[in-house]
$ cat coords_26.txt   # compact mmCIF, C-alpha atoms
# COMPACT_ATOMS: atom_id res chain seq x y z
CA MET A 293 141.04 8.13 93.91
CA SER A 294 141.68 9.45 90.38
CA VAL A 295 139.55 12.05 88.64
CA VAL A 296 138.75 11.90 84.93
CA ALA A 297 136.90 14.85 83.40
CA LEU A 298 134.59 13.88 80.54
CA ILE A 299 133.46 16.78 78.37
CA GLY A 300 131.11 16.48 75.44
CA CYS A 301 132.10 18.31 72.27
CA PRO A 302 130.08 17.80 69.06
CA SER A 303 132.60 19.10 66.51
CA TYR A 304 136.05 20.54 65.91
CA ASP A 305 134.70 24.08 65.68
CA SER A 306 137.48 26.12 67.26
CA GLN A 307 135.30 27.94 69.79
CA SER A 308 133.53 24.74 70.84
CA VAL A 309 136.82 22.93 71.32
CA LEU A 310 138.35 25.84 73.26
CA ALA A 311 135.33 25.96 75.58
CA ALA A 312 135.45 22.17 76.12
CA VAL A 313 139.20 22.09 76.78
CA THR A 314 138.92 25.06 79.14
CA ARG A 315 136.14 23.35 81.08
CA GLY A 316 137.99 20.04 81.26
CA ILE A 317 141.23 21.56 82.54
CA ASP A 318 139.35 23.82 84.98
CA LEU A 319 137.69 20.77 86.53
CA LEU A 320 141.18 19.50 87.36
CA GLY A 321 142.38 22.77 88.86
CA GLY A 322 143.00 24.99 85.83
CA PRO A 323 146.15 25.52 83.73
CA GLY A 324 148.05 26.84 86.75
CA ALA A 325 147.76 23.44 88.40
CA PHE A 326 149.97 21.99 85.67
CA VAL A 327 152.43 24.70 84.62
CA ARG A 328 154.24 27.66 86.14
CA PRO A 329 155.30 30.86 84.35
CA GLY A 330 158.57 30.44 82.49
CA GLU A 331 158.55 26.62 82.51
CA LYS A 332 159.47 24.80 79.30
CA ILE A 333 156.49 22.59 78.50
CA LEU A 334 156.40 20.05 75.67
CA LEU A 335 153.03 19.36 74.04
CA LYS A 336 153.13 15.77 72.83
CA PRO A 337 150.30 15.08 70.34
CA ASN A 338 149.84 11.77 68.54
CA MET A 339 151.37 12.30 65.08
CA LEU A 340 151.73 8.66 64.13
CA ALA A 341 151.79 9.41 60.42
CA ALA A 342 151.47 12.22 57.88
CA ARG A 343 147.68 12.07 57.58
CA SER A 344 144.99 14.70 57.41
CA PRO A 345 143.02 15.42 60.60
CA GLN A 346 139.80 14.08 59.04
CA GLN A 347 141.24 10.56 58.99
CA ALA A 348 141.30 10.40 62.82
CA VAL A 349 144.83 8.98 62.86
CA THR A 350 146.32 11.89 64.78
CA THR A 351 145.42 14.43 67.46
CA HIS A 352 143.28 17.12 65.86
CA PRO A 353 144.99 20.52 65.48
CA GLU A 354 142.06 22.32 67.15
CA VAL A 355 142.53 20.25 70.33
CA PHE A 356 146.25 20.97 70.17
CA ALA A 357 145.62 24.69 69.64
CA ALA A 358 143.12 24.97 72.49
CA ALA A 359 145.44 23.31 74.99
CA ALA A 360 148.39 25.35 73.73
CA ARG A 361 146.51 28.62 74.10
CA LEU A 362 145.53 27.90 77.71
CA PHE A 363 149.00 26.86 78.82
CA ALA A 364 150.65 29.75 76.98
CA GLU A 365 148.30 32.17 78.76
CA ALA A 366 149.43 30.57 82.04
CA GLY A 367 152.99 31.62 81.18
CA ALA A 368 154.48 28.36 79.91
CA VAL A 369 157.12 28.39 77.17
CA LEU A 370 155.76 25.81 74.76
CA SER A 371 157.25 23.45 72.21
CA TYR A 372 155.74 20.43 70.49
CA GLY A 373 156.90 17.16 69.03
CA ASP A 374 156.40 13.48 68.34
CA SER A 375 158.30 10.76 66.54
CA PRO A 376 156.17 9.50 63.63
CA GLY A 377 156.32 5.84 62.75
CA TYR A 378 157.56 6.76 59.28
CA GLY A 379 159.01 9.95 57.81
CA SER A 380 160.05 13.20 59.46
CA LEU A 381 158.35 15.12 62.23
CA SER A 382 158.23 18.23 60.03
CA HIS A 383 156.37 16.40 57.26
CA ALA A 384 153.92 14.79 59.68
CA ALA A 385 153.32 18.11 61.44
CA ARG A 386 152.49 19.82 58.13
CA LYS A 387 150.14 17.09 56.95
CA THR A 388 148.33 16.80 60.28
CA GLU A 389 148.03 20.62 60.39
CA ILE A 390 149.68 20.68 63.80
CA ALA A 391 152.48 22.81 62.32
CA GLU A 392 150.00 25.40 61.10
CA ALA A 393 148.32 25.60 64.49
CA ALA A 394 151.68 25.84 66.23
CA GLY A 395 152.82 28.57 63.85
CA ARG A 396 149.76 30.69 64.58
CA LEU A 397 150.55 30.50 68.29
CA GLY A 398 154.33 30.94 67.99
CA ILE A 399 155.12 27.45 69.29
CA THR A 400 158.43 25.94 68.21
CA GLN A 401 159.10 22.38 67.08
CA ALA A 402 161.16 20.45 69.61
CA ASP A 403 164.23 18.38 68.78
CA PHE A 404 163.00 14.86 68.07
CA GLU A 405 166.10 13.76 66.16
CA THR A 406 168.82 13.95 68.81
CA VAL A 407 168.85 10.97 71.16
CA VAL A 408 169.36 11.17 74.90
CA SER A 409 170.00 7.82 76.55
CA VAL A 410 167.86 7.58 79.70
CA PRO A 411 168.42 4.69 82.14
CA SER A 412 165.61 2.17 82.54
CA PRO A 413 164.86 0.20 85.72
CA ASP A 414 166.18 -3.06 84.25
CA GLY A 415 169.66 -1.65 83.80
CA GLY A 416 169.19 -0.83 80.13
CA SER A 417 168.24 2.50 78.61
CA PHE A 418 165.63 4.25 76.49
CA PRO A 419 166.60 6.43 73.47
CA LEU A 420 164.51 9.44 74.45
CA ALA A 421 164.10 12.45 72.16
CA HIS A 422 166.14 15.46 73.31
CA GLY A 423 163.03 17.64 73.13
CA VAL A 424 161.41 15.50 75.81
CA HIS A 425 164.50 15.42 78.01
CA ALA A 426 165.00 19.19 77.75
CA ALA A 427 161.45 20.05 78.82
CA ASP A 428 160.46 20.83 82.40
CA GLY A 429 157.19 19.04 81.86
CA VAL A 430 155.06 17.24 79.26
CA ILE A 431 151.37 17.50 78.37
CA SER A 432 150.24 14.33 76.56
CA LEU A 433 147.62 14.92 73.85
CA CYS A 434 146.56 11.40 72.93
CA LYS A 435 144.04 10.10 70.39
CA MET A 436 141.12 7.73 70.94
CA LYS A 437 141.89 4.78 68.65
CA THR A 438 142.06 1.01 68.42
CA HIS A 439 145.31 -0.92 68.11
CA GLY A 440 146.06 -4.41 66.77
CA LEU A 441 148.55 -5.34 69.47
CA THR A 442 147.25 -3.61 72.62
CA ARG A 443 143.54 -3.26 71.72
CA ILE A 444 143.59 0.54 72.18
CA THR A 445 145.95 3.42 71.66
CA GLY A 446 145.40 5.67 74.63
CA ALA A 447 147.08 7.68 77.34
CA VAL A 448 149.70 5.10 78.35
CA LYS A 449 150.74 4.24 74.81
CA ASN A 450 151.04 7.84 73.60
CA GLN A 451 154.50 8.21 75.15
CA LEU A 452 155.98 5.66 72.72
CA GLY A 453 156.37 8.63 70.38
CA CYS A 454 158.93 10.08 72.78
CA ILE A 455 161.31 7.34 71.59
CA VAL A 456 163.26 8.41 68.52
CA GLY A 457 162.50 7.05 65.05
CA PHE A 458 162.90 3.37 64.29
CA GLU A 459 164.02 2.73 67.86
CA LYS A 460 160.29 2.23 68.45
CA ALA A 461 160.29 -0.65 65.98
CA ARG A 462 163.35 -2.06 67.72
CA LEU A 463 161.36 -2.21 70.96
CA HIS A 464 158.76 -4.27 69.13
CA PHE A 465 161.47 -6.68 68.06
CA LEU A 466 163.01 -6.96 71.51
CA TYR A 467 159.63 -7.35 73.24
CA PRO A 468 157.24 -9.07 70.82
CA ASN A 469 155.05 -10.48 73.60
CA PRO A 470 152.15 -7.98 74.12
CA GLN A 471 152.46 -8.05 77.90
CA ARG A 472 156.22 -7.46 77.88
CA PHE A 473 155.88 -4.73 75.27
CA SER A 474 153.17 -3.08 77.34
CA ALA A 475 155.45 -3.20 80.37
CA ARG A 476 158.04 -1.24 78.38
CA LEU A 477 155.39 1.29 77.36
CA ALA A 478 154.51 1.73 81.02
CA GLU A 479 158.16 2.30 81.89
CA ILE A 480 158.45 4.93 79.16
CA THR A 481 155.39 6.69 80.55
CA ARG A 482 156.89 6.59 84.04
CA ILE A 483 160.11 8.19 82.74
CA VAL A 484 158.35 10.88 80.66
CA ASN A 485 155.84 11.44 83.48
CA PRO A 486 153.34 13.75 81.74
CA ARG A 487 151.60 16.21 84.02
CA LEU A 488 148.28 15.96 82.21
CA TYR A 489 146.67 13.67 79.64
CA ILE A 490 144.07 15.02 77.21
CA MET A 491 142.39 12.47 74.93
CA ASP A 492 140.89 13.63 71.64
CA GLY A 493 137.80 11.49 71.12
CA ILE A 494 135.64 13.96 69.21
CA LEU A 495 136.39 11.87 66.14
CA ALA A 496 137.85 8.52 67.17
CA MET A 497 139.08 5.53 65.16
CA GLU A 498 137.53 2.07 65.29
CA GLY A 499 138.38 -1.11 63.42
CA GLU A 500 141.89 -1.56 62.04
CA GLY A 501 143.59 1.12 64.16
CA PRO A 502 145.84 2.87 64.80
CA SER A 503 146.01 4.09 61.19
CA GLY A 504 143.90 1.86 58.94
CA GLY A 505 140.56 2.00 60.75
CA ASN A 506 137.46 4.09 60.26
CA PRO A 507 136.65 7.47 61.82
CA VAL A 508 133.68 7.39 64.18
CA ALA A 509 132.11 10.28 66.08
CA MET A 510 132.42 9.85 69.85
CA ASN A 511 131.98 13.60 70.54
CA VAL A 512 134.01 13.58 73.72
CA LEU A 513 137.24 14.84 75.27
CA LEU A 514 138.83 13.18 78.32
CA PHE A 515 141.19 14.82 80.83
CA SER A 516 143.15 13.32 83.73
CA ARG A 517 146.43 13.32 85.60
CA ASP A 518 146.12 9.52 85.66
CA PRO A 519 146.76 7.62 82.40
CA VAL A 520 145.39 4.35 83.77
CA ALA A 521 142.11 5.92 84.86
CA LEU A 522 141.76 7.78 81.57
CA ASP A 523 142.29 4.62 79.52
CA CYS A 524 139.77 2.78 81.73
CA VAL A 525 137.17 5.46 80.98
CA PHE A 526 137.97 5.11 77.28
CA CYS A 527 137.27 1.38 77.66
CA LYS A 528 133.96 2.10 79.37
CA LEU A 529 132.96 4.39 76.51
CA ILE A 530 133.42 1.55 74.01
CA ALA A 531 132.19 -1.25 76.29
CA LEU A 532 135.61 -2.94 76.34
CA ASP A 533 136.80 -4.83 79.40
CA PRO A 534 139.90 -2.95 80.68
CA ALA A 535 141.35 -6.32 81.69
CA HIS A 536 141.79 -7.00 77.96
CA VAL A 537 144.15 -4.01 77.57
CA PRO A 538 147.71 -4.96 78.57
CA THR A 539 148.93 -1.36 78.81
CA ILE A 540 146.39 -0.69 81.57
CA ALA A 541 147.53 -3.68 83.60
CA ALA A 542 151.22 -2.86 83.07
CA ALA A 543 150.87 0.79 84.07
CA ALA A 544 148.75 -0.03 87.12
CA ALA A 545 151.30 -2.65 88.20
CA ILE A 546 154.04 -0.02 88.55
CA GLY A 547 151.83 2.52 90.29
CA LEU A 548 151.06 4.90 87.43
CA GLY A 549 147.37 5.08 88.24
CA ALA A 550 144.14 3.54 89.41
CA ALA A 551 141.99 1.13 87.46
CA ASP A 552 139.26 0.68 90.06
CA ASP A 553 138.95 3.92 92.04
CA ILE A 554 137.87 6.52 89.48
CA THR A 555 135.65 9.58 89.88
CA LEU A 556 134.08 11.13 86.79
CA ALA A 557 133.68 14.89 86.54
CA GLY A 558 131.95 16.97 83.89
CA ASP A 559 129.27 15.42 81.72
CA SER A 560 127.46 12.15 82.35
CA ILE A 561 129.10 9.24 80.55
CA THR A 562 125.74 7.63 79.77
CA GLY A 563 125.04 9.43 76.52
CA PHE A 564 128.51 8.81 75.10
CA ILE A 565 128.83 5.03 75.47
CA LYS A 566 129.01 3.24 72.11
CA PRO A 567 128.63 -0.51 72.73
CA ASP A 568 128.95 -1.37 69.02
CA PHE A 569 132.35 0.35 68.69
CA ASP A 570 134.44 -1.87 66.43
CA VAL A 571 137.26 -3.20 68.63
CA VAL A 572 138.62 -6.68 69.31
CA ARG A 573 137.00 -7.70 72.60
CA ARG A 574 138.86 -10.89 73.44
CA PRO A 575 141.87 -10.89 75.77
CA VAL A 576 145.32 -10.20 74.40
CA THR A 577 147.27 -13.45 74.35
CA GLY A 578 151.02 -13.83 74.10
CA ASP A 579 153.15 -16.90 73.56
CA ILE A 580 152.54 -18.02 77.14
CA LEU A 581 149.01 -19.17 76.31
CA PHE A 582 150.28 -21.22 73.40
CA ARG A 583 153.41 -22.65 75.02
CA PRO A 584 152.22 -26.29 74.63
CA LEU A 585 151.36 -25.45 71.03
CA ARG A 586 154.41 -23.33 70.24
CA PRO A 587 155.45 -25.51 67.29
CA PHE A 588 152.10 -24.55 65.73
CA ARG A 589 152.17 -20.86 66.63
CA ASN A 590 152.25 -19.72 63.00
CA SER A 591 148.98 -21.56 62.40
CA ILE A 592 147.35 -20.06 65.51
CA LEU A 593 148.43 -16.48 66.12
CA PRO A 594 147.00 -13.47 64.23
CA ARG A 595 149.14 -12.28 61.36
CA PRO A 596 149.30 -9.36 58.91
CA VAL A 597 147.58 -9.93 55.57
CA ILE A 598 148.44 -7.75 52.58
CA ASN A 599 145.49 -6.99 50.33
CA ALA A 600 146.75 -6.62 46.77
CA ALA A 601 144.04 -4.26 45.46
CA PRO A 602 144.78 -1.22 47.67
CA CYS A 603 148.54 -1.94 47.89
CA LYS A 604 150.68 0.60 46.01
CA ASN A 605 154.01 -1.24 46.46
CA CYS A 606 155.34 1.79 48.31
CA GLY A 607 157.55 -0.29 50.63
CA VAL A 608 156.61 1.51 53.86
CA CYS A 609 155.63 -1.81 55.47
CA VAL A 610 158.96 -3.38 54.49
CA ASP A 611 160.89 -0.45 55.97
CA ALA A 612 158.79 -0.55 59.15
CA CYS A 613 159.30 -4.27 59.79
CA PRO A 614 161.70 -4.61 62.78
CA ALA A 615 162.29 -8.37 62.51
CA GLU A 616 165.97 -9.37 62.58
CA PRO A 617 168.24 -10.66 61.15
CA GLN A 618 165.83 -10.88 58.20
CA LYS A 619 162.67 -8.87 57.74
CA ALA A 620 159.38 -10.73 57.68
CA LEU A 621 158.24 -8.68 54.70
CA ALA A 622 160.07 -8.41 51.40
CA PHE A 623 159.31 -7.68 47.77
CA PRO A 624 159.44 -10.70 45.48
CA ALA A 625 161.98 -10.74 42.67
CA GLY A 626 161.27 -7.87 40.31
CA GLY A 627 159.44 -5.84 42.94
CA LYS A 628 156.32 -5.32 40.81
CA SER A 629 153.89 -7.10 43.11
CA PRO A 630 152.99 -6.52 46.77
CA PRO A 631 155.46 -7.53 49.49
CA ARG A 632 155.17 -11.07 50.79
CA LEU A 633 155.11 -12.19 54.41
CA THR A 634 157.41 -14.95 55.65
CA VAL A 635 155.24 -16.07 58.54
CA ARG A 636 157.98 -17.81 60.53
CA ARG A 637 159.89 -14.51 60.77
CA CYS A 638 156.87 -12.41 61.83
CA ILE A 639 157.06 -11.24 65.46
CA ARG A 640 153.42 -10.04 65.49
CA CYS A 641 154.24 -6.42 66.29
CA TYR A 642 151.91 -5.22 63.50
CA CYS A 643 154.16 -2.27 62.69
CA CYS A 644 153.45 -2.95 59.00
CA GLN A 645 149.70 -2.59 59.49
CA GLU A 646 150.22 0.43 61.72
CA MET A 647 152.29 2.31 59.15
CA CYS A 648 150.64 1.31 55.85
CA PRO A 649 149.47 4.60 54.29
CA HIS A 650 147.00 2.85 51.96
CA ARG A 651 145.08 0.70 54.48
CA ALA A 652 146.21 -2.36 52.53
CA ILE A 653 147.18 -4.49 55.55
CA THR A 654 144.74 -6.12 57.94
CA ILE A 655 145.23 -8.43 60.92
CA ALA A 656 143.66 -11.87 60.52
CA THR A 657 143.59 -14.96 62.72
CA PRO A 658 144.13 -18.29 60.91
CA LEU A 659 141.31 -20.84 61.01
CA ALA A 660 143.13 -22.97 63.61
CA GLY A 661 143.51 -19.94 65.85
CA ARG A 662 139.82 -19.06 65.54
CA ILE A 663 138.81 -22.62 66.42
CA LEU A 664 141.15 -22.65 69.43
CA ALA A 665 139.77 -19.30 70.62
CA ARG A 666 136.25 -20.68 70.51
CA LEU A 667 137.25 -23.80 72.39
CA LEU A 668 138.86 -21.62 75.06
CA GLY A 669 135.87 -19.31 75.21
CA LYS A 670 137.85 -16.32 73.91
CA HIS A 671 135.70 -15.57 70.84
$ encode --input "coords_26.txt" --output "structure tokens"
Amino acid sequence: MSVVALIGCPSYDSQSVLAAVTRGIDLLGGPGAFVRPGEKILLKPNMLAARSPQQAVTTHPEVFAAAARLFAEAGAVLSYGDSPGYGSLSHAARKTEIAEAAGRLGITQADFETVVSVPSPDGGSFPLAHGVHAADGVISLCKMKTHGLTRITGAVKNQLGCIVGFEKARLHFLYPNPQRFSARLAEITRIVNPRLYIMDGILAMEGEGPSGGNPVAMNVLLFSRDPVALDCVFCKLIALDPAHVPTIAAAAAIGLGAADDITLAGDSITGFIKPDFDVVRRPVTGDILFRPLRPFRNSILPRPVINAAPCKNCGVCVDACPAEPQKALAFPAGGKSPPRLTVRRCIRCYCCQEMCPHRAITIATPLAGRILARLLGKH
């Protein structure tokens, strides 16, 4: 049985957040159940991109500060870090206001540039950030958001930021199938092995997450030792079938948590469920479903679409594209118009949509794919 504490919190007022975080952690045994005096503990917020907290792309600095204060009072020696999808950790930390919160509390920035090669179960390795490897333990501060590839960004997926820089994009290239990619995410979570997961859902993101969607008030914080259980409760809050989230299945398959034996503590979930939350509710499908139709995959599978009006020709999407040997996105000759997608090269990782700072890229399913989904009952 796994326990998930659900605590209502109506705003990011510092005292309200501190009270909510204190209550949530106390329901799981208190800070001393997770850290010991003198231990080096890494706080791992979601700092996907250099965005302001009001955009709901990243973990809010007040949630970070509240957790940091409690674990510092328990005697832990704290650091913080994440590997943004684009740009430096320092820049992302300043823009998200995590750096300011950390500075007030005397928390240092961990080394997320040096790579430590950590063996993986398949005989390969993961390029883990030194700051993660050097810590005695990790507290994962995830964000409640949607995601184009895995339906949600939650507790399991938050550890992808422990992989250094564009190595994350390389994983997308090596494992473009959503189920296989989710299996790698689960393995990363098993290696990092956070002691506690805290999900910031006071202001969540719906729609074109994890960076191009819309903020929506969910007014809730979630706490658990179990990332699978926590993500399942997230799904219940937005009326999404957990079976449609490949990271949940992958993490449960390797014993990281329970999807069907969950006890809720704290507030009643009833008043927080938002059934009209904007999220894709059909199952995630990989190439396996379309094997008989593989020659037609480019006419069936969802693809990124660049909208010219908001596009600023900044090139972030081109840099983020992990497709090899040639990128799927490139500027046309002259470079004065938006990048163009070569569909046959696209591996459907959606890194371009994830990293676009101008919300100019959406994910769209071609007409043939929409018709097929209806015929299969997946609409």
$ atom_distance --input "coords_26.txt" --atom1 "CA of Met510 in chain A" --atom2 "CA of Asn485 in chain A"
27.1 Å
$ closest_atom_pairs --input "coords_26.txt" --of "range 404-509 of chain A" --to "range 293-296 of chain A" --cutoff "12 Å" --atoms "only C-alpha atoms" --output "CSV"
residue,atom,partner,partner_atom,distance
A:Leu488,CA,A:Val296,CA,10.7
A:Tyr489,CA,A:Val296,CA,9.7
A:Ile490,CA,A:Val296,CA,9.9
A:Met491,CA,A:Val296,CA,10.7
$ closest_residue --input "coords_26.txt" --among "A:Ala358, A:Ala496, A:Ala427, A:Ile333" --to "Arg396 in chain A" --atoms "only C-alpha atoms"
A:Ala358
$ residues_around --input "coords_26.txt" --residues "range 430-444 of chain A" --least-positions-apart "6" --cutoff "7 Å" --atoms "all atoms listed in the file" --output "VMD selection string"
chain A and resid 333 to 338 350 to 351 450 470 486 to 493 496 to 502 537 to 539 571 to 572 641 to 642
$ write_last_selection --input "coords_26.txt" --atoms "C-alpha atoms" --output "short mmCIF file (atom, residue, chain, number, x, y, z; two decimals), in the coordinates of the input"
data_model
loop_
_atom_site.label_atom_id
_atom_site.label_comp_id
_atom_site.auth_asym_id
_atom_site.auth_seq_id
_atom_site.Cartn_x
_atom_site.Cartn_y
_atom_site.Cartn_z
CA ILE A 333 156.49 22.59 78.50
CA LEU A 334 156.40 20.05 75.67
CA LEU A 335 153.03 19.36 74.04
CA LYS A 336 153.13 15.77 72.83
CA PRO A 337 150.30 15.08 70.34
CA ASN A 338 149.84 11.77 68.54
CA THR A 350 146.32 11.89 64.78
CA THR A 351 145.42 14.43 67.46
CA ASN A 450 151.04 7.84 73.60
CA PRO A 470 152.15 -7.98 74.12
CA PRO A 486 153.34 13.75 81.74
CA ARG A 487 151.60 16.21 84.02
CA LEU A 488 148.28 15.96 82.21
CA TYR A 489 146.67 13.67 79.64
CA ILE A 490 144.07 15.02 77.21
CA MET A 491 142.39 12.47 74.93
CA ASP A 492 140.89 13.63 71.64
CA GLY A 493 137.80 11.49 71.12
CA ALA A 496 137.85 8.52 67.17
CA MET A 497 139.08 5.53 65.16
CA GLU A 498 137.53 2.07 65.29
CA GLY A 499 138.38 -1.11 63.42
CA GLU A 500 141.89 -1.56 62.04
CA GLY A 501 143.59 1.12 64.16
CA PRO A 502 145.84 2.87 64.80
CA VAL A 537 144.15 -4.01 77.57
CA PRO A 538 147.71 -4.96 78.57
CA THR A 539 148.93 -1.36 78.81
CA VAL A 571 137.26 -3.20 68.63
CA VAL A 572 138.62 -6.68 69.31
CA CYS A 641 154.24 -6.42 66.29
CA TYR A 642 151.91 -5.22 63.50
#
$ residues_near_point --input "coords_26.txt" --point "(146.4, -23.5, 67.3)" --cutoff "7 Å" --atoms "all atoms listed in the file" --output "MDAnalysis selection string"
chainID A and resid 585 588:589 591:592 660:661 664
$ atom_distance --input "coords_26.txt" --atom1 "CA of Leu532 in chain A" --atom2 "CA of Pro567 in chain A"
8.2 Å
$ residues_around --input "coords_26.txt" --residues "Val512 in chain A" --least-positions-apart "3" --cutoff "9 Å" --atoms "only C-alpha atoms" --output "JSON, numbers by chain"
{"A": [298, 299, 300, 301, 302, 491, 492, 493, 494, 495, 509, 564]}
$ closest_residue --input "coords_26.txt" --among "A:Ala312, A:Ile598, A:Ala341, A:Cys454" --to "Phe623 in chain A" --atoms "only C-alpha atoms"
A:Ile598
$ atom_distance --input "coords_26.txt" --atom1 "CA of Asp553 in chain A" --atom2 "CA of Val313 in chain A"
23.7 Å
$ closest_residue --input "coords_26.txt" --among "A:Pro631, A:Gln346, A:Ile480, A:Leu370" --to "Arg328 in chain A" --atoms "all atoms listed in the file"
A:Leu370
$ residues_near_point --input "coords_26.txt" --point "(160.7, 11.5, 62.1)" --cutoff "12 Å" --atoms "all atoms listed in the file" --output "MDAnalysis selection string"
chainID A and resid 339:342 373:385 402:406 421 453:460
$ residues_around --input "coords_26.txt" --residues "Arg476 in chain A" --least-positions-apart "3" --cutoff "10 Å" --atoms "all atoms listed in the file" --output "compact mmCIF listing (two decimals) with C-alpha atoms, keeping the file's coordinate frame"
# COMPACT_ATOMS: atom_id res chain seq x y z
CA SER A 412 165.61 2.17 82.54
CA PHE A 418 165.63 4.25 76.49
CA LYS A 449 150.74 4.24 74.81
CA LEU A 452 155.98 5.66 72.72
CA LEU A 463 161.36 -2.21 70.96
CA HIS A 464 158.76 -4.27 69.13
CA TYR A 467 159.63 -7.35 73.24
CA PRO A 470 152.15 -7.98 74.12
CA GLN A 471 152.46 -8.05 77.90
CA ARG A 472 156.22 -7.46 77.88
CA PHE A 473 155.88 -4.73 75.27
CA GLU A 479 158.16 2.30 81.89
CA ILE A 480 158.45 4.93 79.16
CA THR A 481 155.39 6.69 80.55
CA ARG A 482 156.89 6.59 84.04
CA THR A 539 148.93 -1.36 78.81
CA ALA A 542 151.22 -2.86 83.07
CA ALA A 543 150.87 0.79 84.07
$ closest_residue --input "coords_26.txt" --among "A:Val520, A:Ala368, A:Val349, A:Ala550" --to "Lys387 in chain A" --atoms "only C-alpha atoms"
A:Val349
$ closest_residue --input "coords_26.txt" --among "A:Asn590, A:Ser371, A:Asn469, A:Thr577" --to "Ile390 in chain A" --atoms "all atoms listed in the file"
A:Ser371
$ closest_residue --input "coords_26.txt" --among "A:Lys566, A:His536, A:Arg462, A:Arg666" --to "Val508 in chain A" --atoms "all atoms listed in the file"
A:Lys566
$ residues_around --input "coords_26.txt" --residues "Leu621 in chain A" --least-positions-apart "3" --cutoff "8 Å" --atoms "all atoms listed in the file" --output "PDB file with C-alpha atoms, keeping the file's coordinate frame"
ATOM      1  CA  CYS A 609     155.630  -1.810  55.470  1.00  0.00           C
ATOM      2  CA  VAL A 610     158.960  -3.380  54.490  1.00  0.00           C
ATOM      3  CA  CYS A 613     159.300  -4.270  59.790  1.00  0.00           C
ATOM      4  CA  PRO A 631     155.460  -7.530  49.490  1.00  0.00           C
ATOM      5  CA  ARG A 632     155.170 -11.070  50.790  1.00  0.00           C
ATOM      6  CA  LEU A 633     155.110 -12.190  54.410  1.00  0.00           C
ATOM      7  CA  THR A 634     157.410 -14.950  55.650  1.00  0.00           C
TER       8      THR A 634
END
$ axis_aligned_box --input "coords_26.txt" --around "range 526-545 of chain A" --padding-each-side "6 Å" --output "lines of an AutoDock Vina configuration file"
center_x = 141.7
center_y = -0.9
center_z = 81.1
size_x = 31.1
size_y = 24.1
size_z = 26.2
